[in-house]
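Here is the structure we will look at, set down as structure tokens.
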There are 2 protein chains.
Amino acid sequence: MPRIVDHARRREEIARLAVQVIQQEGSESATVRRIAQAGGFSIGVLTHYFKDKDELVAFAFQWLARQSFADLEAAVAAVPPGLARLRTALEFMVPAAGTRSFIAVWISLWGGAMRNPALARVHRAFYARWRRYLRRFLGEAARRGELAVPRSTPDAIDLLVAGIDGLWIGATFEPLRYSTRRRRWLIGRLLAAVVGPTAGRGGA
Amino acid sequence: MPRIVDHARRREEIARLAVQVIQQEGSESATVRRIAQAGGFSIGVLTHYFKDKDELVAFAFQWLARQSFADLEAAVAAVPPGLARLRTALEFMVPAAGTRSFIAVWISLWGGAMRNPALARVHRAFYARWRRYLRRFLGEAARRGELAVPRSTPDAIDLLVAGIDGLWIGATFEPLRYSTRRRRWLIGRLLAAVVGPTAGRGGA
């Protein structure tokens, strides 16, 4: 079914382009017109694949998320299951400012999600998946006796997700304050605080 | 000096207008042209007071931040110093979605801060002030023996700031998941986790 393959490929190509434009020029400049221009398409080609900018942003974000989770899988596969893997996952989600930067696309998604429920759903799907990973890594570490089993796993997951989001924002907009060393240290403190004294006390 | 007063007043009036437009229509629609239109000004009037959209967003954000910190002061003045005041401050910063909503203006600021150092400075000034408040409230609670003195106050502050930011994002985009009850509970858990077992164990 070459037509379908082509369609999927072309959408992906446009998503990649949209991500580039959003990252380089900011989400406000990344209009359908500008993205078409950057790719040398007519606006008509773009609107054949995407209804409007919101749909394009949603697709671009999902595409970027898929790639990021694939990278996360690769990063955690390189360390043994348990506390080390949990830490690796948390550190993966707080990269240095500018590297693997999701932020521009995320801000575009957030900007839209306030008015568009479809974009809010994309946001929620991302977090649901991220929480499932954390549940798995917490479980692996707990079964190995490497951390205190939290009194409530949902609480522990929500606190880890929240803390990591906050550190990620800090690292993005205050990169000097949140050096790699400082980010790692704080992730260790967060982990120790949330899953008890076994984990990370000596852990930065 | 009526001219100066008028100038300051007019800038504030425009900031208020910009905030309204950003909140109602999203940051991408909030161009200088649209804000001028909403206020019944010519674009020339607006550009007399603000160089460009970035300067306007920075000013609007600072204006909103000043108001929010004044509201925070009022909220914490109503409770005695100590753990109750610290909790009040943390809960103040994670309002229900839609109320006192900073998010639209913040997203506009973040969008700009990636490319404009002046906007990044506005972001940093907000967080510096928020950290000073937390330092004060943590100190008050510690002096009253209401919480375990954290091993490192800067760590405790950074973890509280990060956790609160993450919960605020969760509450904004997943309001059903982060009900008022759930937000309060998680803030209690965060506090207990970060400043030790004295605080909040029974605390939701």
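Each chain in the structure tokens gets a letter, A, B and so on, in the order shown; residues start at 1 in every chain, and ligands are counted from 1 in the order they appear.
The list of residues with at least one atom within 10 Å of Arg182 in chain A, based on only C-alpha atoms and without residues fewer than 5 positions apart in the same chain, reads Ala171, Leu176, Arg177, Ile187, Gly188 and Ala204 of chain A; Asp155 of chain B.
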Pull C-alpha atoms from the residues just selected and write them as a PDB file, in the first residue's frame.
```
ATOM      1  CA  ALA A 171      17.325  23.539  34.016  1.00  0.00           C
ATOM      2  CA  LEU A 176      23.687  28.215  35.271  1.00  0.00           C
ATOM      3  CA  ARG A 177      21.866  27.533  38.503  1.00  0.00           C
ATOM      4  CA  ILE A 187      17.476  14.131  41.598  1.00  0.00           C
ATOM      5  CA  GLY A 188      19.237  12.024  44.225  1.00  0.00           C
ATOM      6  CA  ALA A 204      24.717  12.123  44.340  1.00  0.00           C
TER       7      ALA A 204
ATOM      8  CA  ASP B 155      18.252  21.673  48.605  1.00  0.00           C
TER       9      ASP B 155
END
```
Matching every Cα in sequence order between the two identical chains, what are the coordinates of chain A once fitted onto chain B? Write them as an mmCIF file with C-alpha atoms, in the first residue's frame.
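Listing of selection14.cif after writing:
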```
data_model
loop_
_atom_site.group_PDB
_atom_site.id
_atom_site.type_symbol
_atom_site.label_atom_id
_atom_site.label_comp_id
_atom_site.auth_asym_id
_atom_site.auth_seq_id
_atom_site.Cartn_x
_atom_site.Cartn_y
_atom_site.Cartn_z
ATOM 1 C CA MET A 1 4.934 65.012 38.117
ATOM 2 C CA PRO A 2 1.679 64.146 36.400
ATOM 3 C CA ARG A 3 3.358 63.067 33.184
ATOM 4 C CA ILE A 4 5.350 60.352 34.927
ATOM 5 C CA VAL A 5 2.337 59.164 36.911
ATOM 6 C CA ASP A 6 0.309 59.035 33.738
ATOM 7 C CA HIS A 7 3.036 57.142 31.963
ATOM 8 C CA ALA A 8 3.233 54.518 34.708
ATOM 9 C CA ARG A 9 -0.546 54.274 34.879
ATOM 10 C CA ARG A 10 -0.913 53.914 31.161
ATOM 11 C CA ARG A 11 1.724 51.160 31.042
ATOM 12 C CA GLU A 12 -0.134 49.330 33.773
ATOM 13 C CA GLU A 13 -3.422 49.710 31.957
ATOM 14 C CA ILE A 14 -1.837 48.244 28.824
ATOM 15 C CA ALA A 15 -0.306 45.397 30.865
ATOM 16 C CA ARG A 16 -3.714 44.544 32.290
ATOM 17 C CA LEU A 17 -5.141 44.544 28.777
ATOM 18 C CA ALA A 18 -2.316 42.368 27.460
ATOM 19 C CA VAL A 19 -2.891 39.857 30.266
ATOM 20 C CA GLN A 20 -6.597 39.701 29.381
ATOM 21 C CA VAL A 21 -5.926 39.156 25.700
ATOM 22 C CA ILE A 22 -3.254 36.521 26.394
ATOM 23 C CA GLN A 23 -5.552 34.686 28.805
ATOM 24 C CA GLN A 24 -8.597 34.797 26.554
ATOM 25 C CA GLU A 25 -7.066 34.246 23.158
ATOM 26 C CA GLY A 26 -3.742 32.577 23.818
ATOM 27 C CA SER A 27 -0.279 34.038 23.667
ATOM 28 C CA GLU A 28 0.045 33.546 19.931
ATOM 29 C CA SER A 29 -2.937 35.751 19.165
ATOM 30 C CA ALA A 30 -1.736 38.443 21.543
ATOM 31 C CA THR A 31 0.153 40.568 19.071
ATOM 32 C CA VAL A 32 0.813 44.262 19.652
ATOM 33 C CA ARG A 33 -1.800 44.914 16.957
ATOM 34 C CA ARG A 34 -4.431 42.762 18.704
ATOM 35 C CA ILE A 35 -3.754 44.305 22.126
ATOM 36 C CA ALA A 36 -4.000 47.818 20.684
ATOM 37 C CA GLN A 37 -7.260 46.845 19.023
ATOM 38 C CA ALA A 38 -8.667 45.368 22.252
ATOM 39 C CA GLY A 39 -7.951 48.628 24.073
ATOM 40 C CA GLY A 40 -9.127 50.876 21.274
ATOM 41 C CA PHE A 41 -5.637 52.397 20.883
ATOM 42 C CA SER A 42 -3.677 52.883 17.737
ATOM 43 C CA ILE A 43 -0.597 50.703 17.375
ATOM 44 C CA GLY A 44 1.421 53.906 17.681
ATOM 45 C CA VAL A 45 0.147 54.504 21.221
ATOM 46 C CA LEU A 46 1.199 51.005 22.255
ATOM 47 C CA THR A 47 4.634 51.248 20.681
ATOM 48 C CA HIS A 48 5.086 54.595 22.455
ATOM 49 C CA TYR A 49 4.953 52.669 25.745
ATOM 50 C CA PHE A 50 6.487 49.343 24.712
ATOM 51 C CA LYS A 51 9.222 48.689 22.182
ATOM 52 C CA ASP A 52 7.809 45.344 21.064
ATOM 53 C CA LYS A 53 5.754 42.366 22.152
ATOM 54 C CA ASP A 54 8.602 40.921 24.250
ATOM 55 C CA GLU A 55 8.871 44.098 26.314
ATOM 56 C CA LEU A 56 5.103 44.138 26.751
ATOM 57 C CA VAL A 57 5.008 40.478 27.816
ATOM 58 C CA ALA A 58 7.861 41.068 30.271
ATOM 59 C CA PHE A 59 6.069 44.036 31.805
ATOM 60 C CA ALA A 60 2.704 42.230 31.908
ATOM 61 C CA PHE A 61 4.299 39.240 33.592
ATOM 62 C CA GLN A 62 6.043 41.403 36.184
ATOM 63 C CA TRP A 63 2.799 43.236 36.851
ATOM 64 C CA LEU A 64 0.946 39.932 37.327
ATOM 65 C CA ALA A 65 3.766 38.593 39.520
ATOM 66 C CA ARG A 66 3.634 41.689 41.738
ATOM 67 C CA GLN A 67 -0.089 41.181 42.192
ATOM 68 C CA SER A 68 0.360 37.479 42.912
ATOM 69 C CA PHE A 69 3.028 38.068 45.518
ATOM 70 C CA ALA A 70 0.802 40.695 47.131
ATOM 71 C CA ASP A 71 -1.981 38.076 47.245
ATOM 72 C CA LEU A 72 0.485 35.568 48.676
ATOM 73 C CA GLU A 73 1.472 38.063 51.388
ATOM 74 C CA ALA A 74 -2.198 38.534 52.254
ATOM 75 C CA ALA A 75 -2.823 34.777 52.333
ATOM 76 C CA VAL A 76 0.119 34.026 54.627
ATOM 77 C CA ALA A 77 -0.603 36.998 56.897
ATOM 78 C CA ALA A 78 -3.908 35.302 57.731
ATOM 79 C CA VAL A 79 -2.198 32.250 59.294
ATOM 80 C CA PRO A 80 0.354 32.090 62.099
ATOM 81 C CA PRO A 81 4.008 31.735 61.171
ATOM 82 C CA GLY A 82 5.320 28.171 61.053
ATOM 83 C CA LEU A 83 4.290 25.040 59.236
ATOM 84 C CA ALA A 84 0.740 26.293 58.610
ATOM 85 C CA ARG A 85 2.116 29.365 56.857
ATOM 86 C CA LEU A 86 4.561 27.330 54.782
ATOM 87 C CA ARG A 87 1.720 25.046 53.667
ATOM 88 C CA THR A 88 -0.481 28.019 52.879
ATOM 89 C CA ALA A 89 2.233 29.464 50.653
ATOM 90 C CA LEU A 90 2.765 26.172 48.827
ATOM 91 C CA GLU A 91 -0.966 25.681 48.330
ATOM 92 C CA PHE A 92 -1.305 29.251 47.097
ATOM 93 C CA MET A 93 1.123 28.470 44.295
ATOM 94 C CA VAL A 94 -0.917 25.495 43.041
ATOM 95 C CA PRO A 95 -4.349 27.014 42.473
ATOM 96 C CA ALA A 96 -7.186 25.157 40.778
ATOM 97 C CA ALA A 97 -6.976 25.285 36.996
ATOM 98 C CA GLY A 98 -8.500 28.463 35.633
ATOM 99 C CA THR A 99 -8.356 30.471 38.858
ATOM 100 C CA ARG A 100 -5.756 33.231 39.181
ATOM 101 C CA SER A 101 -4.347 31.727 36.039
ATOM 102 C CA PHE A 102 -0.820 32.728 35.358
ATOM 103 C CA ILE A 103 -0.260 29.950 32.913
ATOM 104 C CA ALA A 104 -1.139 31.715 29.662
ATOM 105 C CA VAL A 105 1.128 34.636 30.452
ATOM 106 C CA TRP A 106 3.836 32.352 31.735
ATOM 107 C CA ILE A 107 3.784 30.273 28.560
ATOM 108 C CA SER A 108 4.158 33.457 26.578
ATOM 109 C CA LEU A 109 7.094 34.452 28.769
ATOM 110 C CA TRP A 110 8.699 31.009 28.453
ATOM 111 C CA GLY A 111 8.199 31.015 24.705
ATOM 112 C CA GLY A 112 10.085 34.290 24.513
ATOM 113 C CA ALA A 113 12.686 33.430 27.180
ATOM 114 C CA MET A 114 14.204 30.751 24.974
ATOM 115 C CA ARG A 115 15.377 33.399 22.535
ATOM 116 C CA ASN A 116 15.417 36.579 24.607
ATOM 117 C CA PRO A 117 17.723 36.906 27.646
ATOM 118 C CA ALA A 118 15.688 39.849 28.996
ATOM 119 C CA LEU A 119 12.653 37.575 29.338
ATOM 120 C CA ALA A 120 14.760 34.831 30.921
ATOM 121 C CA ARG A 121 15.832 37.414 33.529
ATOM 122 C CA VAL A 122 12.179 38.153 34.339
ATOM 123 C CA HIS A 123 11.645 34.432 34.897
ATOM 124 C CA ARG A 124 14.724 34.218 37.154
ATOM 125 C CA ALA A 125 13.666 37.263 39.204
ATOM 126 C CA PHE A 126 10.305 35.632 39.890
ATOM 127 C CA TYR A 127 11.933 32.439 41.133
ATOM 128 C CA ALA A 128 14.513 34.305 43.209
ATOM 129 C CA ARG A 129 11.671 36.074 45.021
ATOM 130 C CA TRP A 130 9.681 32.865 45.464
ATOM 131 C CA ARG A 131 12.755 31.166 46.946
ATOM 132 C CA ARG A 132 13.250 34.037 49.406
ATOM 133 C CA TYR A 133 9.699 33.574 50.648
ATOM 134 C CA LEU A 134 10.259 29.843 51.098
ATOM 135 C CA ARG A 135 13.502 30.452 52.962
ATOM 136 C CA ARG A 136 11.639 32.751 55.349
ATOM 137 C CA PHE A 137 8.716 30.364 55.923
ATOM 138 C CA LEU A 138 11.032 27.370 56.355
ATOM 139 C CA GLY A 139 13.039 29.348 58.895
ATOM 140 C CA GLU A 140 9.934 30.344 60.841
ATOM 141 C CA ALA A 141 8.716 26.740 60.960
ATOM 142 C CA ALA A 142 12.142 25.395 61.948
ATOM 143 C CA ARG A 143 12.548 27.960 64.758
ATOM 144 C CA ARG A 144 9.185 26.825 66.121
ATOM 145 C CA GLY A 145 10.339 23.209 66.028
ATOM 146 C CA GLU A 146 7.493 22.352 63.674
ATOM 147 C CA LEU A 147 9.643 20.632 61.113
ATOM 148 C CA ALA A 148 12.898 18.775 60.952
ATOM 149 C CA VAL A 149 15.579 21.272 60.017
ATOM 150 C CA PRO A 150 16.565 20.142 56.543
ATOM 151 C CA ARG A 151 20.123 18.948 56.140
ATOM 152 C CA SER A 152 20.459 21.568 53.440
ATOM 153 C CA THR A 153 18.072 24.497 53.176
ATOM 154 C CA PRO A 154 19.028 25.283 49.541
ATOM 155 C CA ASP A 155 18.256 21.672 48.607
ATOM 156 C CA ALA A 156 14.940 21.797 50.460
ATOM 157 C CA ILE A 157 13.990 25.049 48.747
ATOM 158 C CA ASP A 158 14.918 23.765 45.276
ATOM 159 C CA LEU A 159 12.942 20.558 45.822
ATOM 160 C CA LEU A 160 9.891 22.450 47.069
ATOM 161 C CA VAL A 161 10.071 24.887 44.146
ATOM 162 C CA ALA A 162 10.444 22.022 41.658
ATOM 163 C CA GLY A 163 7.671 19.921 43.178
ATOM 164 C CA ILE A 164 5.273 22.859 43.311
ATOM 165 C CA ASP A 165 6.008 23.786 39.685
ATOM 166 C CA GLY A 166 5.311 20.231 38.619
ATOM 167 C CA LEU A 167 2.072 20.055 40.602
ATOM 168 C CA TRP A 168 1.035 23.380 39.152
ATOM 169 C CA ILE A 169 1.544 22.092 35.614
ATOM 170 C CA GLY A 170 -0.346 18.918 36.506
ATOM 171 C CA ALA A 171 -3.218 20.912 38.001
ATOM 172 C CA THR A 172 -3.317 23.157 34.935
ATOM 173 C CA PHE A 173 -3.417 20.478 32.269
ATOM 174 C CA GLU A 174 -4.898 17.521 34.172
ATOM 175 C CA PRO A 175 -7.421 19.243 36.442
ATOM 176 C CA LEU A 176 -9.529 16.118 36.951
ATOM 177 C CA ARG A 177 -6.522 14.146 38.088
ATOM 178 C CA TYR A 178 -5.312 16.858 40.449
ATOM 179 C CA SER A 179 -8.412 17.767 42.427
ATOM 180 C CA THR A 180 -8.160 20.259 45.286
ATOM 181 C CA ARG A 181 -8.088 17.354 47.724
ATOM 182 C CA ARG A 182 -5.418 15.544 45.760
ATOM 183 C CA ARG A 183 -3.301 18.702 45.362
ATOM 184 C CA ARG A 184 -3.447 19.360 49.111
ATOM 185 C CA TRP A 185 -2.568 15.768 49.894
ATOM 186 C CA LEU A 186 0.412 15.773 47.523
ATOM 187 C CA ILE A 187 1.658 19.096 48.907
ATOM 188 C CA GLY A 188 1.550 17.514 52.360
ATOM 189 C CA ARG A 189 3.495 14.497 51.087
ATOM 190 C CA LEU A 190 6.013 16.752 49.351
ATOM 191 C CA LEU A 191 6.537 18.752 52.508
ATOM 192 C CA ALA A 192 6.899 15.612 54.613
ATOM 193 C CA ALA A 193 9.336 14.133 52.096
ATOM 194 C CA VAL A 194 11.501 17.237 51.857
ATOM 195 C CA VAL A 195 11.568 18.541 55.418
ATOM 196 C CA GLY A 196 11.331 15.296 57.286
ATOM 197 C CA PRO A 197 8.916 13.234 59.314
ATOM 198 C CA THR A 198 7.820 15.961 61.699
ATOM 199 C CA ALA A 199 5.953 17.837 59.017
ATOM 200 C CA GLY A 200 2.787 16.692 57.443
ATOM 201 C CA ARG A 201 2.948 12.951 58.119
ATOM 202 C CA GLY A 202 -0.574 13.145 59.338
ATOM 203 C CA GLY A 203 -0.877 16.133 57.256
ATOM 204 C CA ALA A 204 -3.348 16.119 54.389
#
```
